[in-house]
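Everything below belongs to target.cif, which stores mmCIF, C-alpha atoms.
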```cif
data_structure
#
loop_
_atom_site.group_PDB
_atom_site.id
_atom_site.type_symbol
_atom_site.label_atom_id
_atom_site.label_comp_id
_atom_site.auth_asym_id
_atom_site.auth_seq_id
_atom_site.Cartn_x
_atom_site.Cartn_y
_atom_site.Cartn_z
ATOM 1 C CA MET G 1 40.760 -42.556 -16.024
ATOM 2 C CA THR G 2 38.024 -45.076 -15.364
ATOM 3 C CA GLU G 3 34.364 -44.313 -14.948
ATOM 4 C CA ALA G 4 34.522 -46.035 -11.552
ATOM 5 C CA ALA G 5 36.879 -43.315 -10.320
ATOM 6 C CA SER G 6 34.429 -40.542 -11.214
ATOM 7 C CA LEU G 7 33.230 -38.394 -8.343
ATOM 8 C CA ILE G 8 29.921 -37.544 -9.989
ATOM 9 C CA ARG G 9 28.109 -39.698 -12.505
ATOM 10 C CA SER G 10 29.289 -38.608 -15.914
ATOM 11 C CA ASN G 11 25.810 -37.926 -17.261
ATOM 12 C CA VAL G 12 25.002 -35.770 -14.215
ATOM 13 C CA LEU G 13 28.089 -33.595 -14.585
ATOM 14 C CA ARG G 14 27.555 -33.342 -18.336
ATOM 15 C CA GLY G 15 23.970 -32.305 -17.720
ATOM 16 C CA ILE G 16 25.068 -29.593 -15.304
ATOM 17 C CA VAL G 17 27.492 -28.110 -17.826
ATOM 18 C CA VAL G 18 25.095 -28.363 -20.763
ATOM 19 C CA ASP G 19 22.313 -26.706 -18.724
ATOM 20 C CA ILE G 20 24.494 -23.845 -17.507
ATOM 21 C CA PHE G 21 25.644 -23.038 -21.020
ATOM 22 C CA ARG G 22 22.138 -23.400 -22.433
ATOM 23 C CA LEU G 23 20.198 -21.544 -19.765
ATOM 24 C CA MET G 24 22.653 -18.866 -18.822
ATOM 25 C CA LEU G 25 24.510 -18.262 -22.037
ATOM 26 C CA LYS G 26 22.135 -19.592 -24.684
ATOM 27 C CA LEU G 27 25.035 -21.605 -26.054
ATOM 28 C CA GLU G 28 24.692 -25.177 -27.215
ATOM 29 C CA VAL G 29 27.267 -27.545 -25.772
ATOM 30 C CA GLU G 30 27.777 -31.203 -26.590
ATOM 31 C CA PRO G 31 29.694 -33.741 -24.557
ATOM 32 C CA VAL G 32 32.505 -35.321 -26.577
ATOM 33 C CA ALA G 33 34.311 -38.563 -26.017
ATOM 34 C CA ALA G 34 37.841 -37.477 -25.241
ATOM 35 C CA ALA G 35 40.130 -34.515 -25.061
ATOM 36 C CA PRO G 36 42.671 -33.867 -27.793
ATOM 37 C CA ARG G 37 45.900 -35.722 -27.106
ATOM 38 C CA ALA G 38 47.975 -32.576 -26.970
ATOM 39 C CA PRO G 39 46.882 -29.265 -25.510
ATOM 40 C CA SER G 40 45.653 -26.833 -28.125
ATOM 41 C CA PRO G 41 48.125 -24.089 -28.965
ATOM 42 C CA GLY G 42 47.318 -20.470 -28.267
ATOM 43 C CA THR G 43 45.966 -18.583 -25.321
ATOM 44 C CA LYS G 44 43.944 -20.595 -22.856
ATOM 45 C CA VAL G 45 41.833 -19.763 -19.844
ATOM 46 C CA THR G 46 41.532 -21.809 -16.651
ATOM 47 C CA GLY G 47 38.991 -21.221 -13.886
ATOM 48 C CA VAL G 48 39.411 -22.976 -10.535
ATOM 49 C CA VAL G 49 36.932 -23.188 -7.661
ATOM 50 C CA SER G 50 37.512 -25.352 -4.631
ATOM 51 C CA MET G 51 35.112 -26.694 -2.028
ATOM 52 C CA SER G 52 36.489 -26.770 1.490
ATOM 53 C CA SER G 53 35.174 -28.756 4.369
ATOM 54 C CA ALA G 54 33.323 -26.518 6.819
ATOM 55 C CA VAL G 55 33.895 -28.831 9.733
ATOM 56 C CA GLU G 56 37.083 -29.305 11.697
ATOM 57 C CA ASP G 57 37.318 -32.929 10.677
ATOM 58 C CA PRO G 58 40.610 -33.909 9.079
ATOM 59 C CA SER G 59 38.978 -36.851 7.340
ATOM 60 C CA GLU G 60 36.704 -34.518 5.352
ATOM 61 C CA ALA G 61 38.354 -34.089 1.970
ATOM 62 C CA SER G 62 38.085 -30.901 -0.070
ATOM 63 C CA PHE G 63 37.186 -30.907 -3.758
ATOM 64 C CA ALA G 64 37.888 -28.638 -6.700
ATOM 65 C CA VAL G 65 36.316 -27.959 -10.071
ATOM 66 C CA ILE G 66 38.484 -26.761 -12.940
ATOM 67 C CA LEU G 67 37.171 -25.337 -16.208
ATOM 68 C CA GLU G 68 39.615 -25.034 -19.090
ATOM 69 C CA MET G 69 38.907 -23.498 -22.475
ATOM 70 C CA SER G 70 40.532 -21.546 -25.281
ATOM 71 C CA GLU G 71 40.548 -17.780 -25.109
ATOM 72 C CA ASN G 72 38.352 -17.730 -28.233
ATOM 73 C CA LEU G 73 35.688 -19.749 -26.484
ATOM 74 C CA ALA G 74 36.044 -17.581 -23.382
ATOM 75 C CA PHE G 75 35.335 -14.530 -25.554
ATOM 76 C CA ARG G 76 32.241 -16.257 -26.900
ATOM 77 C CA VAL G 77 31.098 -17.110 -23.367
ATOM 78 C CA VAL G 78 31.695 -13.565 -22.140
ATOM 79 C CA GLY G 79 29.983 -12.138 -25.217
ATOM 80 C CA ALA G 80 26.967 -14.378 -24.611
ATOM 81 C CA MET G 81 26.835 -13.319 -20.983
ATOM 82 C CA LEU G 82 27.135 -9.612 -21.757
ATOM 83 C CA GLN G 83 25.168 -9.826 -24.994
ATOM 84 C CA GLN G 84 27.839 -7.976 -26.926
ATOM 85 C CA GLU G 85 30.810 -8.905 -29.064
ATOM 86 C CA VAL G 86 33.981 -9.464 -27.046
ATOM 87 C CA ASN G 87 37.416 -9.616 -28.692
ATOM 88 C CA SER G 88 39.863 -8.859 -25.940
ATOM 89 C CA TRP G 89 40.657 -9.952 -22.426
ATOM 90 C CA SER G 90 39.348 -7.723 -19.648
ATOM 91 C CA GLU G 91 38.112 -7.746 -16.065
ATOM 92 C CA LEU G 92 34.661 -8.504 -17.436
ATOM 93 C CA ALA G 93 36.073 -11.598 -19.127
ATOM 94 C CA GLU G 94 37.732 -12.660 -15.861
ATOM 95 C CA ASP G 95 34.443 -12.156 -14.013
ATOM 96 C CA ALA G 96 32.456 -14.132 -16.546
ATOM 97 C CA CYS G 97 34.862 -17.087 -16.648
ATOM 98 C CA GLY G 98 35.035 -17.134 -12.851
ATOM 99 C CA GLU G 99 31.243 -17.026 -12.674
ATOM 100 C CA ILE G 100 30.839 -20.003 -15.009
ATOM 101 C CA ALA G 101 33.366 -22.041 -13.015
ATOM 102 C CA ASN G 102 31.563 -20.997 -9.834
ATOM 103 C CA MET G 103 28.187 -22.104 -11.158
ATOM 104 C CA ILE G 104 29.492 -25.466 -12.301
ATOM 105 C CA ALA G 105 31.105 -25.985 -8.885
ATOM 106 C CA GLY G 106 27.980 -24.835 -7.043
ATOM 107 C CA ASN G 107 25.806 -27.281 -8.947
ATOM 108 C CA ALA G 108 28.353 -30.109 -8.745
ATOM 109 C CA LYS G 109 28.659 -29.605 -4.992
ATOM 110 C CA LYS G 110 25.078 -30.788 -4.476
ATOM 111 C CA HIS G 111 26.115 -34.146 -5.895
ATOM 112 C CA LEU G 112 29.358 -34.355 -3.932
ATOM 113 C CA VAL G 113 28.952 -33.053 -0.422
ATOM 114 C CA ASN G 114 26.652 -30.705 1.475
ATOM 115 C CA SER G 115 28.835 -29.395 4.223
ATOM 116 C CA HIS G 116 31.461 -27.662 2.102
ATOM 117 C CA VAL G 117 31.929 -23.986 1.263
ATOM 118 C CA LEU G 118 33.015 -22.678 -2.140
ATOM 119 C CA SER G 119 36.195 -20.680 -2.589
ATOM 120 C CA MET G 120 36.373 -17.570 -4.707
ATOM 121 C CA PRO G 121 37.205 -18.495 -8.282
ATOM 122 C CA THR G 122 40.770 -18.104 -9.498
ATOM 123 C CA VAL G 123 41.127 -17.364 -13.216
ATOM 124 C CA ILE G 124 44.330 -17.792 -15.193
ATOM 125 C CA VAL G 125 44.825 -16.647 -18.771
ATOM 126 C CA GLY G 126 47.955 -17.007 -20.850
ATOM 127 C CA VAL G 127 49.956 -18.676 -23.554
ATOM 128 C CA ASP G 128 52.612 -20.393 -21.528
ATOM 129 C CA TYR G 129 51.589 -21.745 -18.143
ATOM 130 C CA LYS G 130 50.730 -24.888 -16.275
ATOM 131 C CA TRP G 131 48.422 -25.081 -13.308
ATOM 132 C CA CYS G 132 48.141 -27.674 -10.597
ATOM 133 C CA LEU G 133 46.431 -28.240 -7.277
ATOM 134 C CA PRO G 134 49.172 -30.136 -5.457
ATOM 135 C CA ASN G 135 46.926 -31.716 -2.834
ATOM 136 C CA LEU G 136 44.358 -32.878 -5.324
ATOM 137 C CA HIS G 137 43.736 -36.195 -7.079
ATOM 138 C CA LEU G 138 42.159 -35.348 -10.417
ATOM 139 C CA LYS G 139 39.409 -37.928 -10.651
ATOM 140 C CA GLN G 140 37.152 -36.895 -13.487
ATOM 141 C CA VAL G 141 37.603 -35.114 -16.799
ATOM 142 C CA GLU G 142 34.610 -34.369 -18.987
ATOM 143 C CA CYS G 143 35.132 -32.936 -22.464
ATOM 144 C CA PHE G 144 32.703 -30.791 -24.410
ATOM 145 C CA SER G 145 32.395 -28.994 -27.688
ATOM 146 C CA CYS G 146 30.813 -25.595 -28.151
ATOM 147 C CA GLY G 147 30.587 -24.304 -31.713
ATOM 148 C CA GLY G 148 33.633 -26.302 -32.789
ATOM 149 C CA GLU G 149 35.764 -25.284 -29.782
ATOM 150 C CA SER G 150 36.531 -27.951 -27.214
ATOM 151 C CA PHE G 151 36.709 -27.384 -23.488
ATOM 152 C CA LYS G 152 37.149 -29.472 -20.358
ATOM 153 C CA VAL G 153 35.632 -29.663 -16.902
ATOM 154 C CA MET G 154 37.680 -31.501 -14.291
ATOM 155 C CA ILE G 155 36.889 -32.518 -10.735
ATOM 156 C CA GLY G 156 39.370 -33.610 -8.114
ATOM 157 C CA GLU G 157 39.359 -34.736 -4.528
ATOM 158 C CA GLU G 158 41.890 -33.780 -1.908
ATOM 159 C CA LYS G 159 44.338 -36.502 -1.008
ATOM 160 C CA ARG G 160 43.300 -37.987 2.305
ATOM 161 C CA LYS G 161 44.679 -36.161 5.292
ATOM 162 C CA THR G 162 46.185 -38.082 8.148
ATOM 163 C CA ALA G 163 44.366 -37.473 11.399
ATOM 164 C CA MET S 1 43.648 -1.256 -3.990
ATOM 165 C CA THR S 2 42.146 0.332 -0.865
ATOM 166 C CA GLU S 3 44.171 2.160 1.741
ATOM 167 C CA SER S 4 43.496 0.013 4.788
ATOM 168 C CA PRO S 5 45.475 -3.201 5.016
ATOM 169 C CA LEU S 6 43.735 -6.359 6.188
ATOM 170 C CA ILE S 7 46.541 -7.237 8.553
ATOM 171 C CA GLU S 8 48.949 -4.789 10.120
ATOM 172 C CA ARG S 9 52.013 -4.578 7.955
ATOM 173 C CA GLU S 10 54.368 -5.560 10.767
ATOM 174 C CA LEU S 11 52.279 -8.637 11.522
ATOM 175 C CA ILE S 12 52.164 -9.947 7.972
ATOM 176 C CA ARG S 13 55.855 -9.205 7.512
ATOM 177 C CA GLY S 14 56.547 -11.160 10.681
ATOM 178 C CA ILE S 15 54.493 -14.108 9.444
ATOM 179 C CA VAL S 16 56.298 -14.247 6.106
ATOM 180 C CA GLU S 17 59.743 -13.841 7.680
ATOM 181 C CA GLU S 18 58.963 -16.515 10.270
ATOM 182 C CA VAL S 19 57.640 -19.081 7.777
ATOM 183 C CA PHE S 20 60.689 -18.656 5.546
ATOM 184 C CA ARG S 21 63.111 -18.704 8.479
ATOM 185 C CA VAL S 22 61.644 -21.602 10.444
ATOM 186 C CA MET S 23 60.450 -23.817 7.624
ATOM 187 C CA LEU S 24 63.075 -23.108 5.006
ATOM 188 C CA LYS S 25 66.020 -21.532 6.849
ATOM 189 C CA LEU S 26 65.798 -18.660 4.361
ATOM 190 C CA LYS S 27 66.070 -15.004 5.210
ATOM 191 C CA VAL S 28 63.548 -12.639 3.693
ATOM 192 C CA GLU S 29 63.561 -8.894 4.147
ATOM 193 C CA PRO S 30 60.899 -6.359 3.283
ATOM 194 C CA ALA S 31 61.616 -4.777 -0.102
ATOM 195 C CA VAL S 32 60.913 -1.164 -0.885
ATOM 196 C CA GLU S 33 61.124 -1.258 -4.656
ATOM 197 C CA ALA S 34 58.454 -2.925 -6.706
ATOM 198 C CA ASP S 35 60.539 -4.750 -9.281
ATOM 199 C CA GLU S 36 58.248 -6.507 -11.677
ATOM 200 C CA ALA S 37 59.036 -10.183 -12.046
ATOM 201 C CA SER S 38 60.288 -11.276 -15.444
ATOM 202 C CA GLY S 39 60.998 -14.742 -16.747
ATOM 203 C CA THR S 40 59.394 -17.899 -15.464
ATOM 204 C CA ARG S 41 57.458 -17.323 -12.271
ATOM 205 C CA VAL S 42 55.222 -19.181 -9.884
ATOM 206 C CA THR S 43 51.964 -18.006 -8.336
ATOM 207 C CA ALA S 44 50.373 -19.946 -5.509
ATOM 208 C CA THR S 45 46.897 -18.962 -4.312
ATOM 209 C CA VAL S 46 44.656 -20.073 -1.511
ATOM 210 C CA THR S 47 41.366 -18.757 -0.164
ATOM 211 C CA LEU S 48 39.700 -18.718 3.230
ATOM 212 C CA SER S 49 35.945 -19.267 2.984
ATOM 213 C CA GLY S 50 33.492 -18.416 5.721
ATOM 214 C CA PRO S 51 30.215 -20.046 6.647
ATOM 215 C CA PRO S 52 27.139 -18.987 4.639
ATOM 216 C CA GLY S 53 26.214 -15.370 5.325
ATOM 217 C CA SER S 54 29.614 -14.351 6.646
ATOM 218 C CA VAL S 55 31.097 -11.011 5.638
ATOM 219 C CA PRO S 56 33.332 -11.085 3.794
ATOM 220 C CA ALA S 57 32.430 -14.423 2.275
ATOM 221 C CA CYS S 58 36.075 -15.141 1.468
ATOM 222 C CA TYR S 59 39.601 -13.898 1.915
ATOM 223 C CA GLY S 60 42.185 -14.456 -0.809
ATOM 224 C CA PHE S 61 45.891 -14.959 -0.427
ATOM 225 C CA ALA S 62 48.576 -15.240 -3.126
ATOM 226 C CA LEU S 63 52.323 -15.728 -3.177
ATOM 227 C CA GLU S 64 54.342 -14.816 -6.270
ATOM 228 C CA ILE S 65 57.975 -15.835 -6.663
ATOM 229 C CA PRO S 66 60.426 -16.453 -9.489
ATOM 230 C CA GLU S 67 60.945 -20.051 -10.567
ATOM 231 C CA VAL S 68 64.514 -20.024 -9.291
ATOM 232 C CA LEU S 69 63.308 -19.363 -5.748
ATOM 233 C CA ALA S 70 60.661 -22.096 -6.087
ATOM 234 C CA PHE S 71 63.479 -24.546 -6.956
ATOM 235 C CA LYS S 72 65.459 -23.368 -3.947
ATOM 236 C CA ILE S 73 62.470 -23.804 -1.626
ATOM 237 C CA ALA S 74 61.724 -27.277 -2.992
ATOM 238 C CA SER S 75 65.391 -28.253 -2.657
ATOM 239 C CA LEU S 76 65.379 -27.204 0.986
ATOM 240 C CA LEU S 77 62.365 -29.457 1.596
ATOM 241 C CA SER S 78 63.836 -32.367 -0.329
ATOM 242 C CA PRO S 79 66.859 -34.605 0.297
ATOM 243 C CA THR S 80 68.237 -33.859 -3.186
ATOM 244 C CA PRO S 81 68.725 -30.626 -5.142
ATOM 245 C CA ILE S 82 65.888 -29.737 -7.503
ATOM 246 C CA LEU S 83 66.754 -28.089 -10.810
ATOM 247 C CA ALA S 84 63.621 -28.672 -12.879
ATOM 248 C CA TRP S 85 59.887 -28.244 -12.435
ATOM 249 C CA SER S 86 58.256 -31.250 -10.836
ATOM 250 C CA SER S 87 55.476 -32.240 -8.478
ATOM 251 C CA LEU S 88 57.933 -31.670 -5.611
ATOM 252 C CA VAL S 89 58.158 -27.990 -6.540
ATOM 253 C CA GLU S 90 54.380 -27.765 -6.898
ATOM 254 C CA ASP S 91 53.939 -29.360 -3.472
ATOM 255 C CA ALA S 92 56.496 -27.052 -1.882
ATOM 256 C CA CYS S 93 54.932 -23.874 -3.290
ATOM 257 C CA GLY S 94 51.463 -25.012 -2.272
ATOM 258 C CA GLU S 95 52.713 -25.802 1.213
ATOM 259 C CA VAL S 96 54.351 -22.401 1.667
ATOM 260 C CA VAL S 97 51.237 -20.439 0.632
ATOM 261 C CA ASN S 98 49.133 -22.709 2.808
ATOM 262 C CA LEU S 99 51.336 -21.997 5.808
ATOM 263 C CA LEU S 100 51.320 -18.249 5.176
ATOM 264 C CA ALA S 101 47.532 -18.166 4.866
ATOM 265 C CA GLY S 102 47.097 -20.486 7.825
ATOM 266 C CA ASN S 103 49.170 -18.152 9.999
ATOM 267 C CA ALA S 104 47.467 -15.033 8.627
ATOM 268 C CA LYS S 105 44.072 -16.589 9.356
ATOM 269 C CA GLY S 106 44.703 -16.175 13.079
ATOM 270 C CA HIS S 107 44.749 -12.407 12.554
ATOM 271 C CA LEU S 108 41.669 -12.319 10.326
ATOM 272 C CA THR S 109 39.047 -14.733 11.553
ATOM 273 C CA ALA S 110 38.875 -18.066 13.304
ATOM 274 C CA ASN S 111 36.021 -19.904 11.664
ATOM 275 C CA TYR S 112 37.028 -19.719 8.008
ATOM 276 C CA TRP S 113 38.335 -22.704 6.063
ATOM 277 C CA LEU S 114 41.330 -22.929 3.796
ATOM 278 C CA SER S 115 40.894 -24.064 0.216
ATOM 279 C CA VAL S 116 43.323 -26.412 -1.434
ATOM 280 C CA PRO S 117 46.145 -24.327 -2.946
ATOM 281 C CA THR S 118 46.362 -23.634 -6.669
ATOM 282 C CA VAL S 119 49.858 -23.330 -8.143
ATOM 283 C CA VAL S 120 50.501 -21.705 -11.527
ATOM 284 C CA HIS S 121 53.863 -21.866 -13.252
ATOM 285 C CA GLY S 122 54.888 -20.268 -16.519
ATOM 286 C CA LYS S 123 56.368 -17.440 -18.516
ATOM 287 C CA ASP S 124 53.301 -15.817 -19.962
ATOM 288 C CA TYR S 125 50.140 -15.689 -17.889
ATOM 289 C CA GLN S 126 47.981 -13.460 -15.735
ATOM 290 C CA TRP S 127 46.092 -14.659 -12.713
ATOM 291 C CA SER S 128 43.179 -13.067 -10.944
ATOM 292 C CA MET S 129 40.495 -13.721 -8.402
ATOM 293 C CA PRO S 130 37.760 -11.720 -10.073
ATOM 294 C CA LYS S 131 35.735 -11.210 -6.904
ATOM 295 C CA LEU S 132 38.756 -10.184 -4.863
ATOM 296 C CA GLU S 133 39.424 -6.673 -3.703
ATOM 297 C CA VAL S 134 43.180 -6.666 -3.175
ATOM 298 C CA ARG S 135 43.796 -4.807 0.061
ATOM 299 C CA GLN S 136 47.475 -5.372 0.576
ATOM 300 C CA VAL S 137 50.572 -6.256 -1.436
ATOM 301 C CA GLU S 138 53.713 -6.895 0.585
ATOM 302 C CA ARG S 139 57.080 -7.242 -1.108
ATOM 303 C CA PHE S 140 60.157 -9.026 0.172
ATOM 304 C CA ARG S 141 63.635 -9.889 -0.982
ATOM 305 C CA CYS S 142 65.009 -13.366 -0.581
ATOM 306 C CA GLY S 143 68.545 -13.200 -1.923
ATOM 307 C CA ASP S 144 68.177 -11.932 -5.480
ATOM 308 C CA SER S 145 64.532 -12.937 -5.723
ATOM 309 C CA LEU S 146 61.484 -10.737 -5.231
ATOM 310 C CA VAL S 147 58.679 -12.289 -3.195
ATOM 311 C CA LYS S 148 55.205 -10.763 -3.421
ATOM 312 C CA VAL S 149 52.351 -11.558 -1.063
ATOM 313 C CA TYR S 150 48.810 -10.413 -1.912
ATOM 314 C CA LEU S 151 45.940 -10.267 0.556
ATOM 315 C CA GLY S 152 42.367 -9.337 -0.165
ATOM 316 C CA GLU S 153 38.753 -9.982 0.613
ATOM 317 C CA GLU S 154 35.758 -10.826 -1.485
ATOM 318 C CA ARG S 155 33.784 -7.806 -2.645
ATOM 319 C CA ALA S 156 30.236 -7.632 -1.358
ATOM 320 C CA SER S 157 27.859 -8.707 -4.111
#
```

Serialized structure, structure tokens:
Amino acid sequence: MTEAASLIRSNVLRGIVVDIFRLMLKLEVEPVAAAPRAPSPGTKVTGVVSMSSAVEDPSEASFAVILEMSENLAFRVVGAMLQQEVNSWSELAEDACGEIANMIAGNAKKHLVNSHVLSMPTVIVGVDYKWCLPNLHLKQVECFSCGGESFKVMIGEEKRKTA
Amino acid sequence: MTESPLIERELIRGIVEEVFRVMLKLKVEPAVEADEASGTRVTATVTLSGPPGSVPACYGFALEIPEVLAFKIASLLSPTPILAWSSLVEDACGEVVNLLAGNAKGHLTANYWLSVPTVVHGKDYQWSMPKLEVRQVERFRCGDSLVKVYLGEERAS
């Protein structure tokens, strides 16, 4: 994936993610160069929020933001949000992961497009699953590290509709 | 789950039956028993978002089917049989949930916008829309496969 294909300047998106983790969760996050070659084993968590065009214009593409992390990191995020130790998956964990994805998308939206509306977050947790957004071109992947755990933020743009 | 469905049961059943019949030439029938899916399954979700200030802010829609039915659906939309997971299956599942939600939208609200669909495929996962209050789960049989359709709306914050 080339920098030219990015939807948002890399340093802007990185700044958004670092700020959200720092200000909301009091967690330090560092951008890292690349994702591991193979997905990490174990339980992972994926949060998806899409941005739909709010005008009836078929040329207006939708976008989506995807946050992917290990369950361990999700527990840390939820614990930081709730200010208590979290060791198991729960509705509170779903809420917290959805909220983080929502905040990243809400902040990223300002740099993408004004006229779009955010979807509700969808959160997936499990050991054996794959996700996809079939109408989406994944255009940007930013990798981060938080206390030794890596995570990814991805942004995609809807494939152009035919009028 | 609350008592009042978002869309009259007969209407949503009609939408699901019609989409499967017209688009896929498949017959689905309402199912009484709530068999829990086992094995590899597919969940396709889509949301309908309203303009700022609208209540509810969003509606959520999900379709859950076994992998074997996803292959059958993709095969019916493709010139060749499909026996393994591929982007064709992803596309087909996304298209079906999009059509179901697009048809249901007419019975919910006019000025809401569909999200791009999300498709999840696997043996061991849970999905949720944390802000969603599920108002309706409709079950269908398509041959040996159980089809589940979830409808809900975003909880007021």

Closest atom pairs, residues of chain G within 6 Å of chain S, only C-alpha atoms, as a tab-separated table:
```
residue	atom	partner	partner_atom	distance
G:Ser52	CA	S:Ser115	CA	5.3
G:Glu94	CA	S:Pro130	CA	5.9
G:Asp95	CA	S:Pro130	CA	5.2
G:Ser119	CA	S:Ser49	CA	5.8
G:Pro121	CA	S:Met129	CA	5.8
G:Thr122	CA	S:Met129	CA	4.5
G:Val123	CA	S:Ser128	CA	5.3
G:Ile124	CA	S:Trp127	CA	4.4
G:Val125	CA	S:Gln126	CA	5.4
G:Gly126	CA	S:Tyr125	CA	3.9
G:Val127	CA	S:Asp124	CA	5.7
G:Asp128	CA	S:Asp124	CA	4.9
G:Tyr129	CA	S:Gly122	CA	4.0
G:Lys130	CA	S:His121	CA	5.3
G:Trp131	CA	S:Val120	CA	4.3
G:Cys132	CA	S:Val119	CA	5.3
G:Leu133	CA	S:Thr118	CA	4.6
G:Pro134	CA	S:Asp91	CA	5.2
```

Legend entry - Nearest-residue call for Ile12 of chain S, choices S:Leu76, S:Val134, S:Ile82, S:Ala101, using all atoms listed in the file: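 Closest to Ile12 of chain S, using all atoms listed in the file: S:Ala101.
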
Legend entry - Shell around Val141 of chain G at 7 Å using only C-alpha atoms, local window under 4 positions removed, as a ChimeraX atom specification: /G:152-155

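With atom CA of Ser38 of chain S on one side and atom CA of Asp144 of chain S on the other, the separation reads 12.7 Å.
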
Legend entry - Output of the PyMOL selection byres ((chain S and resi 4) around 12), listed as number ranges by chain: S: 1-3, 5-9, 133-137, 151-153

Give as a PDB file with C-alpha atoms, keeping the file's coordinate frame every residue, naming chains and numbers as the document does, that has an atom within 6 Å of (39.5, -24.7, -5.9), counting all atoms listed in the file.
```pdb
ATOM      1  CA  VAL G  48      39.411 -22.976 -10.535  1.00  0.00           C
ATOM      2  CA  VAL G  49      36.932 -23.188  -7.661  1.00  0.00           C
ATOM      3  CA  SER G  50      37.512 -25.352  -4.631  1.00  0.00           C
ATOM      4  CA  ALA G  64      37.888 -28.638  -6.700  1.00  0.00           C
TER       5      ALA G  64
END
```

Inset, instruction - Could you give me, as a ChimeraX atom specification, the residues that sit within 12 Å of (39.9, -20.5, -25.6) in the file's coordinates, counting all atoms listed in the file? - result: /G:39-47,67-78,87-89,93,97,124-127,145-152

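Counting only C-alpha atoms, the residue from S:Phe61, S:Pro56, S:Ser86, S:Val32 that sits nearest to Gly102 of chain S is S:Phe61.
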
Legend entry - Using only C-alpha atoms: which of S:Ala104, S:Val55, S:Cys142, S:Leu63 has the shortest distance to Phe20 of chain S: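 Of S:Ala104, S:Val55, S:Cys142, S:Leu63, the one nearest Phe20 of chain S, counting only C-alpha atoms, is S:Cys142.
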
Legend entry - Residue members of the PyMOL selection byres ((chain S and resi 30) around 10) in the file shown, as a PyMOL selection string: chain S and resi 10+13-14+16-17+28-29+31-33+138-142+146-148

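The gap separating atom CA of Ser115 of chain G from atom CA of Ser53 of chain G is 6.4 Å, in Å to one decimal.
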
Inset, instruction - Quick one: pull the distance between atom CA of Leu99 of chain S and atom CA of Val19 of chain S, Å, one decimal. - result: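 Result for atom CA of Leu99 of chain S versus atom CA of Val19 of chain S: 7.2 Å, one decimal.
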
Inset, instruction - Using all atoms listed in the file, find the one residue out of G:Ser59, G:Leu23, G:Val17, G:Val65 that sits nearest to Lys109 of chain G. - result: G:Val65

Inset, instruction - Kindly indicate which residue among G:Met81, G:Met51, G:Val86, G:Ile16 lies nearest to Val113 of chain G, using all atoms listed in the file for the distances. - result: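 Of the candidates, the smallest distance to Val113 of chain G is held by G:Met51.
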
Inset, instruction - Could you tell me which residues the PyMOL selection byres ((chain G and resi 136) around 6) returns for this structure, as number ranges by chain? - result: G: 133-135, 137, 156-159

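Among the candidate residues G:Glu28, G:Glu85, G:Leu7, G:Phe21, the one lying nearest to Leu112 of chain G is G:Leu7, with distances computed using all atoms listed in the file.
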
Please, could N, CA and C atoms be added to segment 143-154 of chain S and the result written as an mmCIF file, in the frame of the given file?
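Below is the file that was written, out_32.cif:
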```cif
data_model
loop_
_atom_site.group_PDB
_atom_site.id
_atom_site.type_symbol
_atom_site.label_atom_id
_atom_site.label_comp_id
_atom_site.auth_asym_id
_atom_site.auth_seq_id
_atom_site.Cartn_x
_atom_site.Cartn_y
_atom_site.Cartn_z
ATOM 1 N N GLY S 143 67.386 -13.187 -1.029
ATOM 2 C CA GLY S 143 68.545 -13.200 -1.923
ATOM 3 C C GLY S 143 68.285 -12.250 -3.072
ATOM 4 N N ASP S 144 68.423 -12.766 -4.302
ATOM 5 C CA ASP S 144 68.177 -11.932 -5.480
ATOM 6 C C ASP S 144 66.720 -11.956 -5.926
ATOM 7 N N SER S 145 65.907 -12.732 -5.244
ATOM 8 C CA SER S 145 64.532 -12.937 -5.723
ATOM 9 C C SER S 145 63.546 -12.017 -5.015
ATOM 10 N N LEU S 146 62.567 -11.531 -5.798
ATOM 11 C CA LEU S 146 61.484 -10.737 -5.231
ATOM 12 C C LEU S 146 60.322 -11.666 -4.877
ATOM 13 N N VAL S 147 59.821 -11.506 -3.675
ATOM 14 C CA VAL S 147 58.679 -12.289 -3.195
ATOM 15 C C VAL S 147 57.522 -11.320 -3.004
ATOM 16 N N LYS S 148 56.374 -11.632 -3.602
ATOM 17 C CA LYS S 148 55.205 -10.763 -3.421
ATOM 18 C C LYS S 148 54.081 -11.546 -2.757
ATOM 19 N N VAL S 149 53.474 -10.940 -1.762
ATOM 20 C CA VAL S 149 52.351 -11.558 -1.063
ATOM 21 C C VAL S 149 51.147 -10.629 -1.207
ATOM 22 N N TYR S 150 50.048 -11.177 -1.717
ATOM 23 C CA TYR S 150 48.810 -10.413 -1.912
ATOM 24 C C TYR S 150 47.768 -10.891 -0.907
ATOM 25 N N LEU S 151 47.051 -9.936 -0.324
ATOM 26 C CA LEU S 151 45.940 -10.267 0.556
ATOM 27 C C LEU S 151 44.724 -9.450 0.130
ATOM 28 N N GLY S 152 43.587 -10.075 0.165
ATOM 29 C CA GLY S 152 42.367 -9.337 -0.165
ATOM 30 C C GLY S 152 41.151 -10.016 0.384
ATOM 31 N N GLU S 153 40.011 -9.380 0.160
ATOM 32 C CA GLU S 153 38.753 -9.982 0.613
ATOM 33 C C GLU S 153 37.732 -9.896 -0.508
ATOM 34 N N GLU S 154 36.771 -10.782 -0.438
ATOM 35 C CA GLU S 154 35.758 -10.826 -1.485
ATOM 36 C C GLU S 154 34.890 -9.574 -1.406
#
```
